[in-house]
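Everything below concerns the one structure shown next.
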Amino acid sequence: MNRVGIIGGGAAGLMAAYAAAENGAEVTLHEKNEKLGKKIYITGKGRCNLTNDCDEREFFANVVSNPKFLMSSVHRLPPSELMALFTANGLKLKTERGNRVFPVSDKASDVTKCLEAMLRSRGVKILLESEISSLITENGRAIGLKSVDRNLFYDKIIVCTGGISYPSTGSTGDGYRFAREAGHSLTEPCAALTGIDLEGDFTSLAGLTLKNVSVSVFDKDRRVFSDFGELLFTHTGVSGPVVLTASSFINRMHVNGMTFSIDLKPALSPETLDARILSDFRANINKNFANSLGGLLPKSLIPTVIERSGIEPYKKLNAITHAERQKLLSVLKKLDFAITSLRPVEEGIVTAGGVNVREINPATMESRIVKGLYFAGEVIDVDALTGGFNLQTAFSTGYAAGVAAASAE
Ligand SMILES: Cc1cc2nc3c(=O)[nH]c(=O)nc-3n(C[C@H](O)[C@H](O)[C@H](O)COP(=O)(O)OP(=O)(O)OC[C@H]3O[C@@H](n4cnc5c(N)ncnc54)[C@H](O)[C@@H]3O)c2cc1C
């Protein structure tokens, strides 16, 4: 019977512990916090979008970094199997818009409770406030762990320490150090699914949500990202679903100076929009420009659009020239801001980068450098879009590592 030591009691560590115990290992889980699953607790705005009820093709379309690496582990524990596992262990699930799966209770803590009960009933030893400071290796093999006050010896070790985002939940990047010390290379960690800071003063726009806009990011004239969805102005720039997605695709680029461009009326062609503006102007011929845009734009955005159009705000509509109307049209179709930076990695919903996937066996999660050492979850160089894909990744890689660590010689 293998003695398996697991570092980290997040999604990946809990699933690894379950899988190892279920496959006959004697399992000890070390979590440095006073409780398990601190990050799970804040997922899905406290409701935990634990997976996405989609097929594998759609799943991998939502993985940004290294989808191929995940194929084996996700095939082994796909969303359908994960949902069946939770349901069999008493957690009732529901599927919402976009196939997002949540507990029926809408309580993320129920997910952790369910996993904890699965571990306790299989005899997993759970050690809280048990911070691991380094791995112990000997002749290219992982043989134990160092905690603050003692050395602990195991046959197999699984590192599930997460990334470096939201460090108050315990994910402080310790696993990156363990991996480096063991001889692994890292893809430099950086923020993914995060806000974008823009040049300008956003005091009057902060809090404004724009639904159904089209967003593009340009590097000079080259469009490097484009998508459609919902956007939220913040005090420093933009966030919201479509922006989080954009950040995951541009986080390896030199973003300073790139252009963040919003098409405020993506459903209307320039010709249709021009006709609409013209008919609005004709219907309000005696109004001034500043008072004519209420039907077209949210109130707080009107001053920005007026300023960008260069049209004098109190000009009568019947005095606005064709050229001025064309300028207004171009602002509505392409409201541009200069990007200054992405929000820092600590604020990312996930950390992109991590342990180099070429140095990990994708079927077993075992290190190709140190025998008996496994990695699972966000510590690995994988990241996905929102919708339950990141937790599913943590669960699938944790499961693969747990099974392999329990059964390997
Ligand atoms: C606000 C927010 C909302 C999110 N919502 C969703 C969502 O709805 N759906 C989704 O799919 N994903 C979501 N995510 C992403 C998802 O939570 C993570 O990808 C996932 O939790 C990663 O799991 P993990 O087990 O790899 O790492 P973590 O959950 O970070 O767990 C790592 C654990 O290791 C412990 N640890 C670290 N170092 C040590 C050490 N030296 N010794 C002992 N223990 C240690 C930590 O304390 C922590 O408990 C969200 C993330 C955030 C921040």
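Chain labels follow the order of the structure tokens: the first chain is A, the next B, and so on; residue numbering restarts at 1 in every chain, and ligands are counted from 1 in their shown order.
Residues in contact with A:Ala61 at up to 10 Å, not including ones fewer than 6 positions away on its chain and judged by only C-alpha atoms, are Pro67, Ala384 and Leu385 of chain A.
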Practice prompt. Would you mind listing what lies within 12 Å of stretch 304-313 of chain A as a ChimeraX atom specification, with only C-alpha atoms counted and same-chain residues fewer than 5 positions away left out?
Written response: /A:200-205,262,264,287-294,296-299,319-337
Find the spatial neighbours of A:Met1, counting only C-alpha atoms, within a cut-off of 10 Å - ignore same-chain residues fewer than 3 positions away - and output them as a PDB file with N, CA and C atoms, in the first residue's frame.
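Result file selection34.pdb:
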```
ATOM      1  N   VAL A   4       0.695   8.088   0.492  1.00  0.00           N
ATOM      2  CA  VAL A   4       0.669   9.261  -0.393  1.00  0.00           C
ATOM      3  C   VAL A   4       0.512  10.530   0.436  1.00  0.00           C
ATOM      4  N   ASN A  23      -8.321   4.182  -4.330  1.00  0.00           N
ATOM      5  CA  ASN A  23      -7.511   3.162  -4.998  1.00  0.00           C
ATOM      6  C   ASN A  23      -6.518   2.493  -4.055  1.00  0.00           C
ATOM      7  N   GLY A  24      -6.816   2.569  -2.780  1.00  0.00           N
ATOM      8  CA  GLY A  24      -6.103   1.740  -1.808  1.00  0.00           C
ATOM      9  C   GLY A  24      -4.912   2.368  -1.118  1.00  0.00           C
ATOM     10  N   ALA A  25      -4.641   3.659  -1.342  1.00  0.00           N
ATOM     11  CA  ALA A  25      -3.469   4.271  -0.700  1.00  0.00           C
ATOM     12  C   ALA A  25      -3.800   4.739   0.724  1.00  0.00           C
ATOM     13  N   GLU A  26      -2.720   4.884   1.500  1.00  0.00           N
ATOM     14  CA  GLU A  26      -2.862   5.505   2.821  1.00  0.00           C
ATOM     15  C   GLU A  26      -2.530   6.985   2.607  1.00  0.00           C
ATOM     16  N   ASP A 155       5.690   7.539   0.172  1.00  0.00           N
ATOM     17  CA  ASP A 155       6.138   6.853  -1.046  1.00  0.00           C
ATOM     18  C   ASP A 155       5.903   7.734  -2.281  1.00  0.00           C
ATOM     19  N   ALA A 406      -1.526   6.150  -6.152  1.00  0.00           N
ATOM     20  CA  ALA A 406      -1.942   5.008  -5.334  1.00  0.00           C
ATOM     21  C   ALA A 406      -1.445   3.704  -5.936  1.00  0.00           C
ATOM     22  N   SER A 407      -1.421   3.644  -7.260  1.00  0.00           N
ATOM     23  CA  SER A 407      -1.151   2.350  -7.872  1.00  0.00           C
ATOM     24  C   SER A 407       0.278   2.147  -8.349  1.00  0.00           C
ATOM     25  N   ALA A 408       1.055   3.240  -8.497  1.00  0.00           N
ATOM     26  CA  ALA A 408       2.405   3.078  -9.055  1.00  0.00           C
ATOM     27  C   ALA A 408       3.318   2.358  -8.072  1.00  0.00           C
ATOM     28  N   GLU A 409       4.339   1.673  -8.649  1.00  0.00           N
ATOM     29  CA  GLU A 409       5.336   0.968  -7.828  1.00  0.00           C
ATOM     30  C   GLU A 409       6.158   1.972  -7.049  1.00  0.00           C
TER      31      GLU A 409
END
```
I'd like a table as a tab-separated table: residues in chain A with an atom no more than 6 Å from ligand 1, each row giving the shortest atom pair and its distance in Å to one decimal, only C-alpha atoms and all ligand atoms counted, sorted by chain and rising residue number.
```
residue	atom	partner	partner_atom_place_in_ligand_line	distance
A:Ile7	CA	ligand 1	43 (C)	5.1
A:Gly8	CA	ligand 1	34 (O)	3.2
A:Gly9	CA	ligand 1	49 (O)	4.6
A:Gly10	CA	ligand 1	31 (O)	3.5
A:Ala11	CA	ligand 1	25 (O)	3.9
A:Ala12	CA	ligand 1	25 (O)	3.7
A:Gly13	CA	ligand 1	25 (O)	5.5
A:His30	CA	ligand 1	43 (C)	5.2
A:Glu31	CA	ligand 1	44 (N)	3.9
A:Lys32	CA	ligand 1	43 (C)	4.0
A:Asn33	CA	ligand 1	47 (O)	5.3
A:Gly37	CA	ligand 1	49 (O)	5.4
A:Lys38	CA	ligand 1	49 (O)	5.8
A:Lys39	CA	ligand 1	29 (O)	4.9
A:Ile40	CA	ligand 1	17 (O)	5.5
A:Ile42	CA	ligand 1	1 (C)	5.4
A:Thr43	CA	ligand 1	5 (N)	3.3
A:Gly44	CA	ligand 1	8 (O)	3.3
A:Cys48	CA	ligand 1	8 (O)	4.6
A:Asn49	CA	ligand 1	8 (O)	3.8
A:Leu50	CA	ligand 1	9 (N)	5.3
A:Thr51	CA	ligand 1	11 (O)	5.9
A:Ser130	CA	ligand 1	43 (C)	5.8
A:Glu131	CA	ligand 1	42 (N)	3.7
A:Ile132	CA	ligand 1	42 (N)	4.0
A:Ser133	CA	ligand 1	41 (N)	5.5
A:Cys160	CA	ligand 1	26 (O)	5.5
A:Thr161	CA	ligand 1	34 (O)	3.6
A:Gly162	CA	ligand 1	27 (O)	3.3
A:Gly163	CA	ligand 1	30 (O)	5.8
A:Tyr166	CA	ligand 1	53 (C)	5.5
A:Thr169	CA	ligand 1	47 (O)	6.0
A:Gly170	CA	ligand 1	47 (O)	3.3
A:Ser171	CA	ligand 1	30 (O)	4.5
A:Asp174	CA	ligand 1	38 (N)	5.0
A:Ile349	CA	ligand 1	53 (C)	4.1
A:Val350	CA	ligand 1	15 (C)	5.5
A:Gly377	CA	ligand 1	26 (O)	3.4
A:Glu378	CA	ligand 1	26 (O)	3.9
A:Val379	CA	ligand 1	26 (O)	6.0
A:Gly387	CA	ligand 1	9 (N)	5.9
A:Gly388	CA	ligand 1	11 (O)	3.2
A:Phe389	CA	ligand 1	11 (O)	4.6
A:Asn390	CA	ligand 1	11 (O)	3.8
A:Leu391	CA	ligand 1	11 (O)	3.6
A:Ala394	CA	ligand 1	26 (O)	5.2
```
Item to complete: Within stretch 73-281 of chain A, find each residue whose DSSP state, derived from the backbone, is alpha helix (DSSP H), and express the selection as number ranges by chain.
Response: A: 73-76, 79-88, 108-120, 174-181, 241-250, 270-281
Filtering to C-alpha atoms, could you give me those residues as a PDB file, in the first residue's frame?
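Just written: out.pdb:
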```
ATOM      1  CA  SER A  73      -6.980  13.361 -17.557  1.00  0.00           C
ATOM      2  CA  VAL A  74     -10.210  15.033 -18.714  1.00  0.00           C
ATOM      3  CA  HIS A  75     -11.077  11.957 -20.750  1.00  0.00           C
ATOM      4  CA  ARG A  76     -10.624   9.880 -17.602  1.00  0.00           C
ATOM      5  CA  PRO A  79     -17.602  16.670 -16.598  1.00  0.00           C
ATOM      6  CA  SER A  80     -20.315  13.974 -16.793  1.00  0.00           C
ATOM      7  CA  GLU A  81     -18.330  11.617 -14.518  1.00  0.00           C
ATOM      8  CA  LEU A  82     -17.478  14.408 -12.093  1.00  0.00           C
ATOM      9  CA  MET A  83     -21.146  15.327 -11.833  1.00  0.00           C
ATOM     10  CA  ALA A  84     -22.065  11.661 -11.304  1.00  0.00           C
ATOM     11  CA  LEU A  85     -19.427  11.378  -8.571  1.00  0.00           C
ATOM     12  CA  PHE A  86     -20.754  14.400  -6.682  1.00  0.00           C
ATOM     13  CA  THR A  87     -24.350  13.276  -7.095  1.00  0.00           C
ATOM     14  CA  ALA A  88     -23.520   9.773  -5.849  1.00  0.00           C
ATOM     15  CA  ALA A 108     -19.892  26.694  -2.570  1.00  0.00           C
ATOM     16  CA  SER A 109     -19.183  25.420   0.951  1.00  0.00           C
ATOM     17  CA  ASP A 110     -21.382  22.373   0.203  1.00  0.00           C
ATOM     18  CA  VAL A 111     -18.908  21.313  -2.491  1.00  0.00           C
ATOM     19  CA  THR A 112     -16.039  21.323   0.008  1.00  0.00           C
ATOM     20  CA  LYS A 113     -18.200  19.619   2.643  1.00  0.00           C
ATOM     21  CA  CYS A 114     -19.077  16.872   0.181  1.00  0.00           C
ATOM     22  CA  LEU A 115     -15.422  16.309  -0.730  1.00  0.00           C
ATOM     23  CA  GLU A 116     -14.346  16.372   2.919  1.00  0.00           C
ATOM     24  CA  ALA A 117     -16.946  13.730   3.789  1.00  0.00           C
ATOM     25  CA  MET A 118     -15.708  11.600   0.859  1.00  0.00           C
ATOM     26  CA  LEU A 119     -12.162  11.796   2.285  1.00  0.00           C
ATOM     27  CA  ARG A 120     -13.080  11.171   5.911  1.00  0.00           C
ATOM     28  CA  ASP A 174       4.798  27.645  -2.914  1.00  0.00           C
ATOM     29  CA  GLY A 175       4.436  24.850  -5.457  1.00  0.00           C
ATOM     30  CA  TYR A 176       6.370  26.855  -8.036  1.00  0.00           C
ATOM     31  CA  ARG A 177       9.305  26.935  -5.633  1.00  0.00           C
ATOM     32  CA  PHE A 178       8.987  23.205  -4.893  1.00  0.00           C
ATOM     33  CA  ALA A 179       8.952  22.501  -8.638  1.00  0.00           C
ATOM     34  CA  ARG A 180      12.013  24.684  -9.303  1.00  0.00           C
ATOM     35  CA  GLU A 181      13.934  23.103  -6.446  1.00  0.00           C
ATOM     36  CA  PRO A 241     -17.008  38.594 -18.872  1.00  0.00           C
ATOM     37  CA  VAL A 242     -15.761  39.640 -22.312  1.00  0.00           C
ATOM     38  CA  VAL A 243     -12.802  41.522 -20.794  1.00  0.00           C
ATOM     39  CA  LEU A 244     -11.789  38.569 -18.602  1.00  0.00           C
ATOM     40  CA  THR A 245     -11.734  36.408 -21.724  1.00  0.00           C
ATOM     41  CA  ALA A 246      -9.693  39.026 -23.604  1.00  0.00           C
ATOM     42  CA  SER A 247      -7.117  39.161 -20.796  1.00  0.00           C
ATOM     43  CA  SER A 248      -6.428  35.419 -21.078  1.00  0.00           C
ATOM     44  CA  PHE A 249      -5.499  35.819 -24.743  1.00  0.00           C
ATOM     45  CA  ILE A 250      -3.322  38.920 -24.464  1.00  0.00           C
ATOM     46  CA  PRO A 270     -22.515  51.557 -40.313  1.00  0.00           C
ATOM     47  CA  GLU A 271     -25.195  52.242 -42.960  1.00  0.00           C
ATOM     48  CA  THR A 272     -28.074  51.097 -40.721  1.00  0.00           C
ATOM     49  CA  LEU A 273     -26.672  52.995 -37.741  1.00  0.00           C
ATOM     50  CA  ASP A 274     -26.286  56.148 -39.869  1.00  0.00           C
ATOM     51  CA  ALA A 275     -29.917  55.836 -41.003  1.00  0.00           C
ATOM     52  CA  ARG A 276     -30.980  55.399 -37.369  1.00  0.00           C
ATOM     53  CA  ILE A 277     -29.027  58.497 -36.244  1.00  0.00           C
ATOM     54  CA  LEU A 278     -30.418  60.500 -39.139  1.00  0.00           C
ATOM     55  CA  SER A 279     -34.004  59.576 -38.310  1.00  0.00           C
ATOM     56  CA  ASP A 280     -33.363  60.370 -34.590  1.00  0.00           C
ATOM     57  CA  PHE A 281     -31.962  63.758 -35.605  1.00  0.00           C
TER      58      PHE A 281
END
```
Worksheet item: stretch 90-226 of chain A: which residues are strand (DSSP E or B) by DSSP, as a ChimeraX atom specification?
Response: /A:93-96,100-103,125-127,132-138,141-147,151-153,156-159,186-192,196-198,209-219,222-226
Worksheet item: Neighbours of A:Ile196 within 6 Å (only C-alpha atoms; same-chain residues fewer than 3 positions away dropped), as an MDAnalysis selection string?
Response: chainID A and resid 237:238 342:343
Using only C-alpha atoms, determine which residues lie at most 12 Å from A:Arg252, disregarding the query and same-chain residues fewer than 3 positions distant; provide the list as a short mmCIF file (atom, residue, chain, number, x, y, z; two decimals) with all heavy atoms, in the first residue's frame.
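What landed in out27.cif:
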```
data_model
loop_
_atom_site.label_atom_id
_atom_site.label_comp_id
_atom_site.auth_asym_id
_atom_site.auth_seq_id
_atom_site.Cartn_x
_atom_site.Cartn_y
_atom_site.Cartn_z
N VAL A 64 -7.37 27.60 -22.55
CA VAL A 64 -6.50 28.56 -23.24
C VAL A 64 -5.09 28.01 -23.39
O VAL A 64 -4.50 28.03 -24.46
CB VAL A 64 -6.48 29.92 -22.51
CG1 VAL A 64 -5.59 30.93 -23.22
CG2 VAL A 64 -7.90 30.47 -22.35
N SER A 65 -4.51 27.51 -22.28
CA SER A 65 -3.12 27.04 -22.35
C SER A 65 -3.06 25.52 -22.23
O SER A 65 -3.59 24.94 -21.28
CB SER A 65 -2.29 27.63 -21.20
OG SER A 65 -2.39 29.02 -21.18
N THR A 187 6.74 28.02 -16.81
CA THR A 187 6.30 29.10 -17.68
C THR A 187 5.94 30.22 -16.71
O THR A 187 5.18 30.00 -15.77
CB THR A 187 5.06 28.67 -18.49
OG1 THR A 187 5.41 27.49 -19.20
CG2 THR A 187 4.62 29.76 -19.44
N GLU A 188 6.54 31.38 -16.93
CA GLU A 188 6.39 32.48 -15.96
C GLU A 188 4.91 32.72 -15.62
O GLU A 188 4.10 32.97 -16.51
CB GLU A 188 7.02 33.74 -16.56
CG GLU A 188 7.32 34.84 -15.56
CD GLU A 188 8.10 34.34 -14.33
OE1 GLU A 188 9.08 33.58 -14.48
OE2 GLU A 188 7.71 34.73 -13.23
N PRO A 189 4.55 32.64 -14.34
CA PRO A 189 3.16 32.87 -13.97
C PRO A 189 2.71 34.31 -14.28
O PRO A 189 3.48 35.25 -14.11
CB PRO A 189 3.14 32.63 -12.46
CG PRO A 189 4.36 31.80 -12.20
CD PRO A 189 5.37 32.24 -13.19
N CYS A 190 1.50 34.45 -14.76
CA CYS A 190 0.92 35.79 -14.99
C CYS A 190 -0.60 35.70 -14.85
O CYS A 190 -1.16 34.61 -14.81
CB CYS A 190 1.33 36.34 -16.35
SG CYS A 190 0.58 35.52 -17.74
N ALA A 191 -1.24 36.86 -14.78
CA ALA A 191 -2.68 36.89 -14.55
C ALA A 191 -3.45 36.41 -15.77
O ALA A 191 -3.08 36.69 -16.91
CB ALA A 191 -3.11 38.30 -14.22
N ALA A 192 -4.51 35.67 -15.52
CA ALA A 192 -5.48 35.34 -16.57
C ALA A 192 -6.87 35.62 -16.00
O ALA A 192 -7.03 35.66 -14.77
CB ALA A 192 -5.35 33.88 -16.97
N VAL A 224 -5.80 41.55 -32.39
CA VAL A 224 -5.26 40.37 -31.72
C VAL A 224 -6.32 39.66 -30.88
O VAL A 224 -6.11 38.55 -30.40
CB VAL A 224 -4.03 40.71 -30.83
CG1 VAL A 224 -2.86 41.16 -31.67
CG2 VAL A 224 -4.37 41.76 -29.77
N ALA A 246 -10.75 38.33 -22.84
CA ALA A 246 -9.69 39.03 -23.60
C ALA A 246 -8.35 38.93 -22.88
O ALA A 246 -7.31 38.64 -23.49
CB ALA A 246 -10.08 40.49 -23.81
N SER A 247 -8.38 39.14 -21.56
CA SER A 247 -7.12 39.16 -20.80
C SER A 247 -6.35 37.85 -20.93
O SER A 247 -5.13 37.83 -20.97
CB SER A 247 -7.39 39.47 -19.32
OG SER A 247 -7.96 38.35 -18.67
N SER A 248 -7.10 36.73 -21.00
CA SER A 248 -6.43 35.42 -21.08
C SER A 248 -5.73 35.21 -22.42
O SER A 248 -4.85 34.36 -22.53
CB SER A 248 -7.43 34.29 -20.85
OG SER A 248 -7.81 34.25 -19.50
N PHE A 249 -6.14 35.97 -23.43
CA PHE A 249 -5.50 35.82 -24.74
C PHE A 249 -4.39 36.83 -25.01
O PHE A 249 -3.62 36.67 -25.94
CB PHE A 249 -6.56 35.88 -25.85
CG PHE A 249 -7.44 34.66 -25.87
CD1 PHE A 249 -8.69 34.67 -25.29
CD2 PHE A 249 -6.98 33.47 -26.44
CE1 PHE A 249 -9.49 33.54 -25.28
CE2 PHE A 249 -7.77 32.32 -26.43
CZ PHE A 249 -9.03 32.37 -25.85
N VAL A 255 1.23 44.60 -23.65
CA VAL A 255 -0.08 45.24 -23.88
C VAL A 255 -0.04 46.77 -23.80
O VAL A 255 -0.91 47.44 -24.34
CB VAL A 255 -1.16 44.73 -22.90
CG1 VAL A 255 -1.40 43.24 -23.11
CG2 VAL A 255 -0.81 45.03 -21.44
N ASN A 256 0.98 47.31 -23.12
CA ASN A 256 1.02 48.76 -22.96
C ASN A 256 1.04 49.45 -24.32
O ASN A 256 1.91 49.17 -25.15
CB ASN A 256 2.26 49.14 -22.13
CG ASN A 256 2.29 50.62 -21.85
OD1 ASN A 256 2.55 51.43 -22.72
ND2 ASN A 256 1.95 50.98 -20.63
N SER A 341 -2.18 48.41 -18.82
CA SER A 341 -1.70 47.12 -18.31
C SER A 341 -2.89 46.22 -17.98
O SER A 341 -4.03 46.67 -17.98
CB SER A 341 -0.88 47.34 -17.03
OG SER A 341 -1.71 47.93 -16.05
N LEU A 342 -2.57 44.96 -17.66
CA LEU A 342 -3.59 44.09 -17.08
C LEU A 342 -3.53 44.28 -15.57
O LEU A 342 -2.53 44.74 -15.03
CB LEU A 342 -3.31 42.62 -17.39
CG LEU A 342 -3.28 42.19 -18.85
CD1 LEU A 342 -3.25 40.67 -18.93
CD2 LEU A 342 -4.49 42.71 -19.61
N ALA A 352 -2.15 32.06 -15.07
CA ALA A 352 -1.64 31.34 -16.24
C ALA A 352 -0.16 31.05 -15.97
O ALA A 352 0.46 31.71 -15.13
CB ALA A 352 -1.78 32.21 -17.48
N GLY A 353 0.38 30.09 -16.70
CA GLY A 353 1.79 29.72 -16.44
C GLY A 353 1.85 28.71 -15.31
O GLY A 353 0.83 28.32 -14.75
#
```
Practice prompt. Could you jot down the atom CA of A:Glu347 to atom CA of A:Ala376 separation for me, Å, one decimal place?
Written response: 21.6 Å
Worksheet entry | Contacts of A:Ser239 within 8 Å, only C-alpha atoms, excl. fewer than 6 positions in-chain, as a list in words | Thr194, Gly195, Ile196, Leu231, Leu232 and Phe233 of chain A
Discussion item. Let me make sure I understand: among A:Val357, A:Leu77, A:Val104, A:Ile136, which one has the smallest atom-to-atom distance to A:Arg150 if we use only C-alpha atoms?
Written reply: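 For A:Arg150, the nearest of the given residues is A:Ile136.
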Fill in: Nearest candidate to A:Gly173 (options A:Gly348, A:Gly354, A:Gly295, A:Pro303; using only C-alpha atoms)
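Going through A:Gly348, A:Gly354, A:Gly295, A:Pro303 one by one, the smallest distance to A:Gly173 is for A:Gly354.
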If we count only C-alpha atoms and set the cut-off at 8 Å, which residues sit around A:Asn286, ignoring sequence neighbours fewer than 6 positions away in its own chain? Please answer as a compact mmCIF listing (two decimals) with all heavy atoms, in the first residue's frame.
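Output below, filename part-v9.txt:
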```txt
# COMPACT_ATOMS: atom_id res chain seq x y z
N LYS A 316 -27.36 72.78 -32.46
CA LYS A 316 -28.69 72.29 -32.85
C LYS A 316 -28.52 71.13 -33.85
O LYS A 316 -27.62 71.16 -34.71
CB LYS A 316 -29.50 73.42 -33.51
CG LYS A 316 -29.95 74.47 -32.52
CD LYS A 316 -31.23 74.01 -31.80
CE LYS A 316 -31.71 75.04 -30.80
NZ LYS A 316 -31.63 74.57 -29.41
N LEU A 317 -29.38 70.14 -33.73
CA LEU A 317 -29.25 68.96 -34.59
C LEU A 317 -29.33 69.32 -36.08
O LEU A 317 -28.64 68.72 -36.90
CB LEU A 317 -30.34 67.93 -34.24
CG LEU A 317 -30.16 67.25 -32.87
CD1 LEU A 317 -31.29 66.26 -32.63
CD2 LEU A 317 -28.83 66.53 -32.76
N ASN A 318 -30.15 70.30 -36.40
CA ASN A 318 -30.29 70.64 -37.83
C ASN A 318 -29.03 71.33 -38.39
O ASN A 318 -28.91 71.51 -39.59
CB ASN A 318 -31.56 71.47 -38.10
CG ASN A 318 -31.56 72.77 -37.31
OD1 ASN A 318 -30.54 73.12 -36.70
ND2 ASN A 318 -32.68 73.49 -37.32
```
Worksheet entry | Proximity to A:Ser226 - best of A:Val213, A:Ile126, A:Ala20, A:Leu198, only C-alpha atoms | A:Val213
Worksheet item: What is the distance, in Å and to one decimal place, between atom CA of A:Val27 and atom CA of A:Ile6?
Response: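 Pair atom CA of A:Val27 / atom CA of A:Ile6 returns 7.5 Å.
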